[in-house]
>>> print(open('my_file_28.pdb').read())   # PDB, C-alpha atoms
ATOM      1  CA  MET A  12      89.692  62.114 106.901
ATOM      2  CA  ASN A  13      87.870  62.575 103.582
ATOM      3  CA  ALA A  14      91.059  63.838 101.935
ATOM      4  CA  LEU A  15      92.821  60.669 103.092
ATOM      5  CA  LEU A  16      90.030  58.514 101.656
ATOM      6  CA  TYR A  17      90.305  60.398  98.356
ATOM      7  CA  VAL A  18      94.021  59.603  98.164
ATOM      8  CA  LEU A  19      93.366  55.971  99.095
ATOM      9  CA  VAL A  20      90.737  55.579  96.352
ATOM     10  CA  ALA A  21      93.070  57.130  93.770
ATOM     11  CA  LEU A  22      95.963  54.888  94.813
ATOM     12  CA  THR A  23      93.786  51.777  95.028
ATOM     13  CA  TRP A  24      92.035  52.108  91.683
ATOM     14  CA  GLY A  25      95.173  53.407  90.005
ATOM     15  CA  SER A  26      97.084  50.323  91.145
ATOM     16  CA  SER A  27      94.391  47.797  90.100
ATOM     17  CA  PHE A  28      96.020  47.231  86.705
ATOM     18  CA  PHE A  29      99.405  46.806  88.387
ATOM     19  CA  PHE A  30      98.101  44.123  90.766
ATOM     20  CA  ALA A  31      96.244  42.356  87.947
ATOM     21  CA  LYS A  32      99.510  42.186  86.009
ATOM     22  CA  ILE A  33     101.202  40.495  88.948
ATOM     23  CA  GLY A  34      98.266  38.115  89.371
ATOM     24  CA  LEU A  35      98.645  36.998  85.749
ATOM     25  CA  GLU A  36     102.115  35.668  86.583
ATOM     26  CA  GLY A  37     100.478  32.684  88.299
ATOM     27  CA  LEU A  38      96.822  32.682  87.265
ATOM     28  CA  ALA A  39      94.901  32.545  83.998
ATOM     29  CA  PRO A  40      93.053  35.743  83.030
ATOM     30  CA  GLN A  41      89.592  34.461  83.985
ATOM     31  CA  GLN A  42      90.973  33.154  87.271
ATOM     32  CA  VAL A  43      92.219  36.650  88.080
ATOM     33  CA  ALA A  44      88.829  38.127  87.183
ATOM     34  CA  THR A  45      86.950  35.564  89.279
ATOM     35  CA  VAL A  46      89.173  35.808  92.345
ATOM     36  CA  ARG A  47      89.060  39.617  92.417
ATOM     37  CA  THR A  48      85.264  39.662  92.104
ATOM     38  CA  VAL A  49      84.706  37.007  94.768
ATOM     39  CA  LEU A  50      87.104  38.677  97.221
ATOM     40  CA  GLY A  51      85.474  42.049  96.580
ATOM     41  CA  ALA A  52      81.999  40.625  97.160
ATOM     42  CA  LEU A  53      83.035  38.863 100.367
ATOM     43  CA  THR A  54      84.618  42.068 101.655
ATOM     44  CA  LEU A  55      81.466  44.105 101.055
ATOM     45  CA  VAL A  56      79.277  41.389 102.597
ATOM     46  CA  VAL A  57      81.398  41.669 105.745
ATOM     47  CA  VAL A  58      80.959  45.466 105.658
ATOM     48  CA  LEU A  59      77.192  44.982 105.249
ATOM     49  CA  LEU A  60      77.029  42.639 108.240
ATOM     50  CA  VAL A  61      79.274  44.728 110.488
ATOM     51  CA  THR A  62      77.318  47.917 109.784
ATOM     52  CA  ARG A  63      73.995  46.016 110.150
ATOM     53  CA  ARG A  64      72.659  47.012 106.763
ATOM     54  CA  ARG A  65      69.822  44.926 105.353
ATOM     55  CA  TRP A  66      69.641  43.171 102.018
ATOM     56  CA  PRO A  67      67.014  44.712  99.724
ATOM     57  CA  ARG A  68      63.928  42.598  99.010
ATOM     58  CA  GLU A  69      62.611  44.109  95.763
ATOM     59  CA  ARG A  70      62.820  41.548  92.945
ATOM     60  CA  ARG A  71      62.924  44.314  90.340
ATOM     61  CA  LEU A  72      66.012  45.806  91.987
ATOM     62  CA  TRP A  73      67.786  42.445  92.031
ATOM     63  CA  GLY A  74      66.946  41.905  88.379
ATOM     64  CA  HIS A  75      68.353  45.258  87.305
ATOM     65  CA  LEU A  76      71.419  44.812  89.506
ATOM     66  CA  PHE A  77      72.096  41.475  87.805
ATOM     67  CA  VAL A  78      72.320  43.322  84.474
ATOM     68  CA  VAL A  79      74.557  45.947  86.103
ATOM     69  CA  ALA A  80      76.725  43.211  87.629
ATOM     70  CA  VAL A  81      77.287  41.738  84.174
ATOM     71  CA  PHE A  82      78.299  45.042  82.559
ATOM     72  CA  LEU A  83      80.085  46.747  85.462
ATOM     73  CA  ASN A  84      81.879  43.725  86.902
ATOM     74  CA  ALA A  85      81.798  40.349  85.137
ATOM     75  CA  VAL A  86      82.471  41.456  81.554
ATOM     76  CA  PRO A  87      84.949  44.316  82.171
ATOM     77  CA  SER A  88      87.013  42.448  84.766
ATOM     78  CA  SER A  89      87.320  39.518  82.349
ATOM     79  CA  LEU A  90      88.306  41.765  79.439
ATOM     80  CA  MET A  91      90.795  43.658  81.602
ATOM     81  CA  ALA A  92      92.563  40.493  82.753
ATOM     82  CA  TRP A  93      92.671  39.067  79.216
ATOM     83  CA  ALA A  94      93.996  42.332  77.766
ATOM     84  CA  GLU A  95      96.822  42.659  80.269
ATOM     85  CA  GLN A  96      98.450  39.537  78.893
ATOM     86  CA  THR A  97      99.796  41.744  76.094
ATOM     87  CA  VAL A  98      99.088  45.346  77.182
ATOM     88  CA  PRO A  99     101.296  47.061  79.805
ATOM     89  CA  SER A 100      99.446  47.876  83.023
ATOM     90  CA  GLY A 101     100.211  51.582  82.674
ATOM     91  CA  LEU A 102      98.667  51.754  79.219
ATOM     92  CA  ALA A 103      95.647  49.786  80.469
ATOM     93  CA  SER A 104      95.095  52.358  83.212
ATOM     94  CA  ILE A 105      95.145  55.139  80.600
ATOM     95  CA  TYR A 106      92.510  53.351  78.527
ATOM     96  CA  ASN A 107      90.383  53.112  81.654
ATOM     97  CA  ALA A 108      90.068  56.909  81.552
ATOM     98  CA  THR A 109      87.858  56.611  78.448
ATOM     99  CA  THR A 110      84.983  55.392  80.666
ATOM    100  CA  PRO A 111      83.198  58.792  80.858
ATOM    101  CA  ILE A 112      83.318  59.103  77.054
ATOM    102  CA  MET A 113      81.789  55.630  76.665
ATOM    103  CA  THR A 114      79.193  56.496  79.299
ATOM    104  CA  LEU A 115      78.053  59.578  77.377
ATOM    105  CA  LEU A 116      77.676  57.493  74.213
ATOM    106  CA  ALA A 117      75.733  54.769  76.031
ATOM    107  CA  LEU A 118      73.485  57.341  77.703
ATOM    108  CA  ALA A 119      72.682  58.883  74.332
ATOM    109  CA  VAL A 120      71.536  55.452  73.084
ATOM    110  CA  LEU A 121      69.791  54.010  76.152
ATOM    111  CA  VAL A 122      68.349  57.129  77.806
ATOM    112  CA  PRO A 123      66.071  59.131  75.469
ATOM    113  CA  THR A 124      66.403  62.343  77.498
ATOM    114  CA  GLU A 125      70.211  62.283  77.357
ATOM    115  CA  ARG A 126      70.831  63.875  73.967
ATOM    116  CA  LEU A 127      74.334  64.949  73.052
ATOM    117  CA  ASP A 128      74.879  68.657  72.402
ATOM    118  CA  ARG A 129      77.629  70.121  70.230
ATOM    119  CA  ARG A 130      80.026  70.510  73.129
ATOM    120  CA  GLN A 131      79.628  66.867  74.130
ATOM    121  CA  VAL A 132      80.024  65.670  70.548
ATOM    122  CA  GLY A 133      83.191  67.748  70.265
ATOM    123  CA  GLY A 134      84.515  66.214  73.494
ATOM    124  CA  ILE A 135      83.736  62.698  72.290
ATOM    125  CA  VAL A 136      85.480  63.325  68.973
ATOM    126  CA  LEU A 137      88.503  64.675  70.838
ATOM    127  CA  GLY A 138      88.456  61.577  73.050
ATOM    128  CA  ILE A 139      88.428  59.339  69.978
ATOM    129  CA  VAL A 140      91.444  61.236  68.626
ATOM    130  CA  GLY A 141      93.146  60.603  71.950
ATOM    131  CA  VAL A 142      92.492  56.869  71.625
ATOM    132  CA  LEU A 143      94.020  56.859  68.142
ATOM    133  CA  VAL A 144      97.104  58.582  69.535
ATOM    134  CA  LEU A 145      97.219  55.970  72.315
ATOM    135  CA  VAL A 146      97.220  53.106  69.806
ATOM    136  CA  GLY A 147      99.951  54.771  67.752
ATOM    137  CA  PRO A 148      98.991  53.393  64.309
ATOM    138  CA  TRP A 149     102.351  54.539  62.911
ATOM    139  CA  ASP A 150     104.017  51.923  65.168
ATOM    140  CA  VAL A 151     101.587  49.055  64.610
ATOM    141  CA  LEU A 152     103.079  47.802  61.349
ATOM    142  CA  GLY A 153     106.681  48.521  62.260
ATOM    143  CA  ASP A 154     106.773  47.029  65.758
ATOM    144  CA  PRO A 155     105.598  43.399  66.220
ATOM    145  CA  GLU A 156     105.161  43.926  69.964
ATOM    146  CA  VAL A 157     102.827  46.882  69.423
ATOM    147  CA  LEU A 158     100.923  44.922  66.763
ATOM    148  CA  ALA A 159     100.468  42.004  69.176
ATOM    149  CA  SER A 160      98.960  44.353  71.773
ATOM    150  CA  VAL A 161      96.241  45.730  69.452
ATOM    151  CA  PRO A 162      93.655  43.004  70.291
ATOM    152  CA  GLY A 163      94.269  43.694  73.987
ATOM    153  CA  GLN A 164      93.838  47.417  73.468
ATOM    154  CA  LEU A 165      90.543  46.769  71.667
ATOM    155  CA  ALA A 166      89.490  44.586  74.604
ATOM    156  CA  LEU A 167      90.192  47.497  76.949
ATOM    157  CA  LEU A 168      87.909  49.689  74.847
ATOM    158  CA  GLY A 169      85.336  46.909  75.165
ATOM    159  CA  MET A 170      85.867  47.066  78.925
ATOM    160  CA  THR A 171      85.105  50.785  79.124
ATOM    161  CA  ALA A 172      82.184  50.385  76.686
ATOM    162  CA  SER A 173      80.796  47.752  79.065
ATOM    163  CA  TYR A 174      81.194  50.203  81.961
ATOM    164  CA  GLY A 175      79.305  52.786  79.915
ATOM    165  CA  ILE A 176      76.395  50.409  79.225
ATOM    166  CA  GLY A 177      76.174  49.431  82.891
ATOM    167  CA  LEU A 178      76.188  53.044  84.037
ATOM    168  CA  ALA A 179      73.589  54.017  81.450
ATOM    169  CA  TRP A 180      71.409  51.139  82.659
ATOM    170  CA  LEU A 181      71.675  52.497  86.203
ATOM    171  CA  ARG A 182      70.545  55.893  84.956
ATOM    172  CA  ARG A 183      67.818  54.586  82.634
ATOM    173  CA  PHE A 184      66.050  52.493  85.244
ATOM    174  CA  GLY A 185      66.953  54.445  88.384
ATOM    175  CA  VAL A 186      68.539  51.371  89.899
ATOM    176  CA  GLY A 187      69.082  51.695  93.634
ATOM    177  CA  GLY A 188      67.439  55.094  93.970
ATOM    178  CA  GLY A 189      66.793  55.796  97.652
ATOM    179  CA  ILE A 190      68.795  52.764  98.790
ATOM    180  CA  ASP A 191      72.110  52.919 100.591
ATOM    181  CA  PRO A 192      74.841  52.874  97.883
ATOM    182  CA  THR A 193      77.023  50.422  99.810
ATOM    183  CA  THR A 194      74.111  47.975  99.951
ATOM    184  CA  VAL A 195      73.550  48.350  96.203
ATOM    185  CA  ALA A 196      77.262  47.773  95.523
ATOM    186  CA  THR A 197      77.238  44.677  97.756
ATOM    187  CA  VAL A 198      74.286  43.146  95.888
ATOM    188  CA  GLN A 199      75.890  44.018  92.547
ATOM    189  CA  LEU A 200      79.249  42.437  93.392
ATOM    190  CA  THR A 201      77.639  39.390  95.018
ATOM    191  CA  LEU A 202      75.598  38.696  91.877
ATOM    192  CA  ALA A 203      78.708  39.131  89.735
ATOM    193  CA  ALA A 204      80.659  36.745  91.986
ATOM    194  CA  VAL A 205      77.940  34.077  91.803
ATOM    195  CA  LEU A 206      77.794  34.393  88.007
ATOM    196  CA  MET A 207      81.553  34.095  87.625
ATOM    197  CA  LEU A 208      81.749  31.113  89.971
ATOM    198  CA  LEU A 209      79.068  29.360  87.926
ATOM    199  CA  VAL A 210      81.047  29.709  84.691
ATOM    200  CA  ALA A 211      84.475  29.254  86.301
ATOM    201  CA  PRO A 212      84.646  25.450  85.784
ATOM    202  CA  VAL A 213      84.319  26.061  82.047
ATOM    203  CA  ILE A 214      86.340  29.228  81.371
ATOM    204  CA  ALA A 215      88.553  29.762  84.430
ATOM    205  CA  THR A 216      90.705  26.723  83.797
ATOM    206  CA  GLY A 217      94.449  26.305  83.638
ATOM    207  CA  PRO A 218      97.363  25.687  85.994
ATOM    208  CA  VAL A 219      97.672  27.790  89.151
ATOM    209  CA  ARG A 220     100.947  28.946  90.633
ATOM    210  CA  LEU A 221     100.711  30.917  93.852
ATOM    211  CA  ASP A 222     103.366  32.574  95.973
ATOM    212  CA  TRP A 223     103.183  35.337  98.556
ATOM    213  CA  ARG A 224     103.611  38.062  95.917
ATOM    214  CA  ILE A 225     100.774  36.820  93.697
ATOM    215  CA  GLY A 226      98.553  36.129  96.712
ATOM    216  CA  ALA A 227      99.122  39.610  98.157
ATOM    217  CA  ALA A 228      98.420  41.189  94.769
ATOM    218  CA  MET A 229      95.090  39.353  94.463
ATOM    219  CA  VAL A 230      94.035  40.339  97.986
ATOM    220  CA  ALA A 231      94.898  43.955  97.210
ATOM    221  CA  LEU A 232      93.056  43.788  93.880
ATOM    222  CA  GLY A 233      89.985  42.001  95.230
ATOM    223  CA  ALA A 234      89.431  42.842  98.880
ATOM    224  CA  VAL A 235      90.751  46.400  98.688
ATOM    225  CA  GLY A 236      90.417  47.550  95.061
ATOM    226  CA  THR A 237      87.141  45.800  94.259
ATOM    227  CA  GLY A 238      85.700  45.776  97.789
ATOM    228  CA  LEU A 239      86.755  48.391 100.312
ATOM    229  CA  ALA A 240      87.269  51.081  97.667
ATOM    230  CA  TYR A 241      83.534  50.924  96.930
ATOM    231  CA  ALA A 242      82.754  51.787 100.554
ATOM    232  CA  TRP A 243      85.383  54.540 100.603
ATOM    233  CA  ASN A 244      84.040  56.083  97.412
ATOM    234  CA  THR A 245      80.477  55.925  98.748
ATOM    235  CA  ARG A 246      81.524  57.919 101.786
ATOM    236  CA  LEU A 247      83.321  60.464  99.586
ATOM    237  CA  VAL A 248      80.277  60.938  97.376
ATOM    238  CA  GLY A 249      78.152  61.527 100.471
ATOM    239  CA  ALA A 250      80.594  64.043 101.931
ATOM    240  CA  TRP A 251      81.767  65.892  98.807
ATOM    241  CA  GLY A 252      79.103  65.231  96.206
ATOM    242  CA  ALA A 253      79.398  63.178  93.043
ATOM    243  CA  GLY A 254      81.157  65.851  90.984
ATOM    244  CA  ARG A 255      84.059  66.469  93.345
ATOM    245  CA  ALA A 256      84.444  62.807  94.304
ATOM    246  CA  SER A 257      84.505  61.689  90.665
ATOM    247  CA  THR A 258      87.659  63.721  89.971
ATOM    248  CA  VAL A 259      89.546  60.675  91.240
ATOM    249  CA  THR A 260      89.004  59.350  87.693
ATOM    250  CA  TYR A 261      91.660  61.789  86.475
ATOM    251  CA  LEU A 262      94.290  60.618  88.967
ATOM    252  CA  THR A 263      94.116  56.856  88.491
ATOM    253  CA  PRO A 264      96.021  56.814  85.149
ATOM    254  CA  VAL A 265      98.872  58.722  86.783
ATOM    255  CA  VAL A 266      99.157  56.086  89.509
ATOM    256  CA  GLY A 267      98.843  53.233  87.012
ATOM    257  CA  VAL A 268     101.529  54.559  84.665
ATOM    258  CA  ALA A 269     103.929  55.361  87.531
ATOM    259  CA  LEU A 270     103.669  51.849  89.000
ATOM    260  CA  GLY A 271     104.017  50.190  85.607
ATOM    261  CA  VAL A 272     107.139  52.136  84.679
ATOM    262  CA  LEU A 273     108.870  52.366  88.073
ATOM    263  CA  VAL A 274     108.046  48.943  89.560
ATOM    264  CA  LEU A 275     107.413  46.635  86.603
ATOM    265  CA  GLY A 276     109.863  48.347  84.266
ATOM    266  CA  GLU A 277     107.282  48.708  81.494
ATOM    267  CA  PRO A 278     108.250  50.807  78.483
ATOM    268  CA  LEU A 279     106.412  54.077  77.954
ATOM    269  CA  ARG A 280     106.030  55.352  74.411
ATOM    270  CA  TRP A 281     105.690  59.124  74.026
ATOM    271  CA  ASN A 282     102.223  58.827  72.470
ATOM    272  CA  GLU A 283     100.712  57.053  75.493
ATOM    273  CA  PRO A 284     100.778  59.962  77.981
ATOM    274  CA  VAL A 285     100.007  62.384  75.138
ATOM    275  CA  GLY A 286      97.018  60.293  74.046
ATOM    276  CA  GLY A 287      95.874  60.003  77.662
ATOM    277  CA  LEU A 288      96.027  63.777  78.054
ATOM    278  CA  VAL A 289      93.966  64.261  74.871
ATOM    279  CA  VAL A 290      91.378  61.789  76.216
ATOM    280  CA  LEU A 291      91.162  63.697  79.505
ATOM    281  CA  LEU A 292      90.761  66.985  77.628
ATOM    282  CA  GLY A 293      87.945  65.388  75.635
ATOM    283  CA  ILE A 294      86.268  64.289  78.877
ATOM    284  CA  ALA A 295      86.648  67.786  80.336
ATOM    285  CA  LEU A 296      85.084  69.319  77.223
ATOM    286  CA  ALA A 297      82.253  66.771  77.034
ATOM    287  CA  SER A 298      81.405  67.162  80.723
ATOM    288  CA  GLY A 299      81.622  70.969  80.766
ATOM    289  CA  LEU A 300      84.587  71.176  83.138
ATOM    290  CA  ILE A 301      86.525  73.385  80.717
ATOM    291  CA  ARG A 302      83.816  76.025  81.126
ATOM    292  CA  SER A 303      83.612  75.659  84.891
ATOM    293  CA  ARG A 304      85.303  79.003  85.553
ATOM    294  CA  ARG A 305      82.533  80.901  83.840
ATOM    295  CA  ARG A 306      79.607  79.177  85.524
ATOM    296  CA  SER A 307      78.732  76.256  87.727
ATOM    297  CA  VAL A 308      78.477  72.996  85.831
ATOM    298  CA  PRO A 309      76.724  69.809  86.955
ATOM    299  CA  ALA A 310      78.731  66.663  87.573
ATOM    300  CA  PRO A 311      79.883  64.827  84.440
ATOM    301  CA  ALA A 312      77.295  62.322  83.287
ATOM    302  CA  GLY A 313      78.012  58.898  84.673
ATOM    303  CA  GLU A 314      81.221  59.758  86.487
ATOM    304  CA  GLN A 315      79.852  58.912  89.920
ATOM    305  CA  GLY A 316      79.180  55.419  88.707
ATOM    306  CA  ALA A 317      82.378  55.383  86.677
ATOM    307  CA  ALA A 318      84.303  55.890  89.882
ATOM    308  CA  ALA A 319      82.555  52.819  91.272
ATOM    309  CA  ALA A 320      82.810  50.687  88.194
ATOM    310  CA  GLY A 321      85.076  48.085  89.737
ATOM    311  CA  ARG A 322      88.559  49.161  88.744
TER     312      ARG A 322
END
>>> encode(input="my_file_28.pdb", output="structure tokens")
Amino acid sequence: MNALLYVLVALTWGSSFFFAKIGLEGLAPQQVATVRTVLGALTLVVVLLVTRRRWPRERRLWGHLFVVAVFLNAVPSSLMAWAEQTVPSGLASIYNATTPIMTLLALAVLVPTERLDRRQVGGIVLGIVGVLVLVGPWDVLGDPEVLASVPGQLALLGMTASYGIGLAWLRRFGVGGGIDPTTVATVQLTLAAVLMLLVAPVIATGPVRLDWRIGAAMVALGAVGTGLAYAWNTRLVGAWGAGRASTVTYLTPVVGVALGVLVLGEPLRWNEPVGGLVVLLGIALASGLIRSRRRSVPAPAGEQGAAAAGR
């Protein structure tokens, strides 16, 4: 059963960029971001009610979770939807893999005890090289389409930087310690949904065109990818531990690229999978996974939360 959930999480989060791309065919970027967040929150509220979990009462917890909701949901989902207007969904899913690198950098700034050692610095530098390969600066000036996608690619880096800040905040203040993770995720998504609904009349404007394909994509993106996948991942973390469960992070780009190329017919430049591989090698080096054969290594910093960062 856990193996099936692992596959479902990988497929769900890997396909999030694919479904967002379809949603953009009939909705404005901020409309996509708002709908996915609201559907995800409603789904987790239903899970909370069905399983008879209780809402937490601590004001401090709600305050910290509001900050987390901004950085793990509201900001990154908005940046992701905006970026996919010009960036292929497969490439967006590869950029998403930089989340652990951004998390290590944010931890080093926000958590005094989380100092980077030489191995982690080397992994971060390697990850940055991977990002440069992903962008393909040699193509930027010669290909107008690639040049037009650069702002979107920068927005995707902003998305993963936002994930990193949110995850570091969780670590810095011990948000949700001792509380059921599904309950914490429900509060987080609910706060994000309320925030996005409040600003929707101002920034989520524009014509709406819905058909069954766009509607199904938004349900998959919101209810499943932003809602149920949280609950599935929570169960995996409980059964396998954070380290093993977080390896799903390495599979999601594969799913995203495959769907983009095979279903949407998106072009794939040679440097995109190569850059993605370099990023993953940087993550493995920074987290200690490359040395795992010689000794046991703790779970990569922030990857448990990265897996639940609202793909």
>>> closest_atom_pairs(input="my_file_28.pdb", of="segment 17-41 of chain A", to="segment 96-109 of chain A", cutoff="8 Å", atoms="only C-alpha atoms", output="JSON lines")
{"residue": "A:Gly25", "atom": "CA", "partner": "A:Ser104", "partner_atom": "CA", "distance": 6.9}
{"residue": "A:Phe28", "atom": "CA", "partner": "A:Ser100", "partner_atom": "CA", "distance": 5.1}
{"residue": "A:Phe29", "atom": "CA", "partner": "A:Ser100", "partner_atom": "CA", "distance": 5.5}
{"residue": "A:Lys32", "atom": "CA", "partner": "A:Ser100", "partner_atom": "CA", "distance": 6.4}
{"residue": "A:Leu35", "atom": "CA", "partner": "A:Gln96", "partner_atom": "CA", "distance": 7.3}
{"residue": "A:Pro40", "atom": "CA", "partner": "A:Gln96", "partner_atom": "CA", "distance": 7.8}
>>> resolve_selection(input="my_file_28.pdb", expression="the PyMOL selection byres ((chain A and resi 191) around 12)", output="list in words")
Leu59, Thr62, Arg63, Arg64, Arg65, Trp66, Pro67, Val186, Gly187, Gly188, Gly189, Ile190, Pro192, Thr193, Thr194, Val195, Ala196, Thr197, Val198, Ala242, Thr245, Arg246, Val248 and Gly249 of chain A
>>> resolve_selection(input="my_file_28.pdb", expression="the PyMOL selection byres ((chain A and resi 26) around 8)", output="list in words")
Leu22, Thr23, Trp24, Gly25, Ser27, Phe28, Phe29, Phe30, Thr263, Val266, Gly267 and Leu270 of chain A
>>> residues_around(input="my_file_28.pdb", residues="Arg129 of chain A", least_positions_apart="4", cutoff="9 Å", atoms="only C-alpha atoms", output="list in words")
Gly133, Gly134 and Ala297 of chain A
>>> residues_near_point(input="my_file_28.pdb", point="(89.5, 43.2, 77.9)", cutoff="9 Å", atoms="all atoms listed in the file", output="count of residues only")
20
>>> atom_distance(input="my_file_28.pdb", atom1="atom CA of Met207 of chain A", atom2="atom CA of Val49 of chain A")
8.3 Å
>>> closest_atom_pairs(input="my_file_28.pdb", of="segment 111-168 of chain A", to="segment 283-294 of chain A", cutoff="7 Å", atoms="all atoms listed in the file", output="CSV")
residue,atom,partner,partner_atom,distance
A:Pro111,CA,A:Ile294,CA,6.6
A:Ile112,CA,A:Ile294,CA,6.2
A:Gly134,CA,A:Gly293,CA,4.1
A:Ile135,CA,A:Gly293,CA,6.0
A:Leu137,CA,A:Gly293,CA,4.9
A:Gly138,CA,A:Val290,CA,4.3
A:Gly141,CA,A:Gly286,CA,4.4
A:Val142,CA,A:Gly286,CA,6.2
A:Val144,CA,A:Gly286,CA,4.8
A:Leu145,CA,A:Gly286,CA,4.7
>>> closest_residue(input="my_file_28.pdb", among="A:Leu83, A:Leu55, A:Ala39, A:Leu296", to="Leu181 of chain A", atoms="all atoms listed in the file")
A:Leu83
>>> closest_atom_pairs(input="my_file_28.pdb", of="segment 46-123 of chain A", to="segment 215-237 of chain A", cutoff="8 Å", atoms="only C-alpha atoms", output="CSV")
residue,atom,partner,partner_atom,distance
A:Val46,CA,A:Gly233,CA,6.9
A:Arg47,CA,A:Gly233,CA,3.8
A:Thr48,CA,A:Gly233,CA,6.1
A:Val49,CA,A:Gly233,CA,7.3
A:Leu50,CA,A:Gly233,CA,4.8
A:Gly51,CA,A:Ala234,CA,4.6
A:Ala52,CA,A:Thr237,CA,7.9
A:Leu53,CA,A:Ala234,CA,7.7
A:Thr54,CA,A:Ala234,CA,5.6
>>> residues_near_point(input="my_file_28.pdb", point="(91.1, 58.1, 92.5)", cutoff="9 Å", atoms="all atoms listed in the file", output="list of chain:residue names")
A:Tyr17, A:Val18, A:Leu19, A:Val20, A:Ala21, A:Leu22, A:Thr23, A:Trp24, A:Gly25, A:Asn244, A:Ala256, A:Ser257, A:Thr258, A:Val259, A:Thr260, A:Tyr261, A:Leu262, A:Thr263, A:Pro264, A:Val266, A:Ala318
>>> atom_distance(input="my_file_28.pdb", atom1="atom CA of Val43 of chain A", atom2="atom CA of Ala179 of chain A")
26.3 Å
>>> atom_distance(input="my_file_28.pdb", atom1="atom CA of Glu156 of chain A", atom2="atom CA of Gly175 of chain A")
29.1 Å
>>> closest_residue(input="my_file_28.pdb", among="A:Gln42, A:Thr110, A:Asn84, A:Gln131", to="Leu300 of chain A", atoms="only C-alpha atoms")
A:Gln131
>>> closest_residue(input="my_file_28.pdb", among="A:Val78, A:Ile33, A:Leu38, A:Leu16", to="Gln199 of chain A", atoms="all atoms listed in the file")
A:Val78
>>> residues_around(input="my_file_28.pdb", residues="segment 115-117 of chain A", least_positions_apart="4", cutoff="8 Å", atoms="all atoms listed in the file", output="number ranges by chain")
A: 111, 121-122, 127, 172, 175-176, 179, 312-313
>>> closest_residue(input="my_file_28.pdb", among="A:Ala31, A:Leu247, A:Val79, A:Val157", to="Thr45 of chain A", atoms="only C-alpha atoms")
A:Ala31
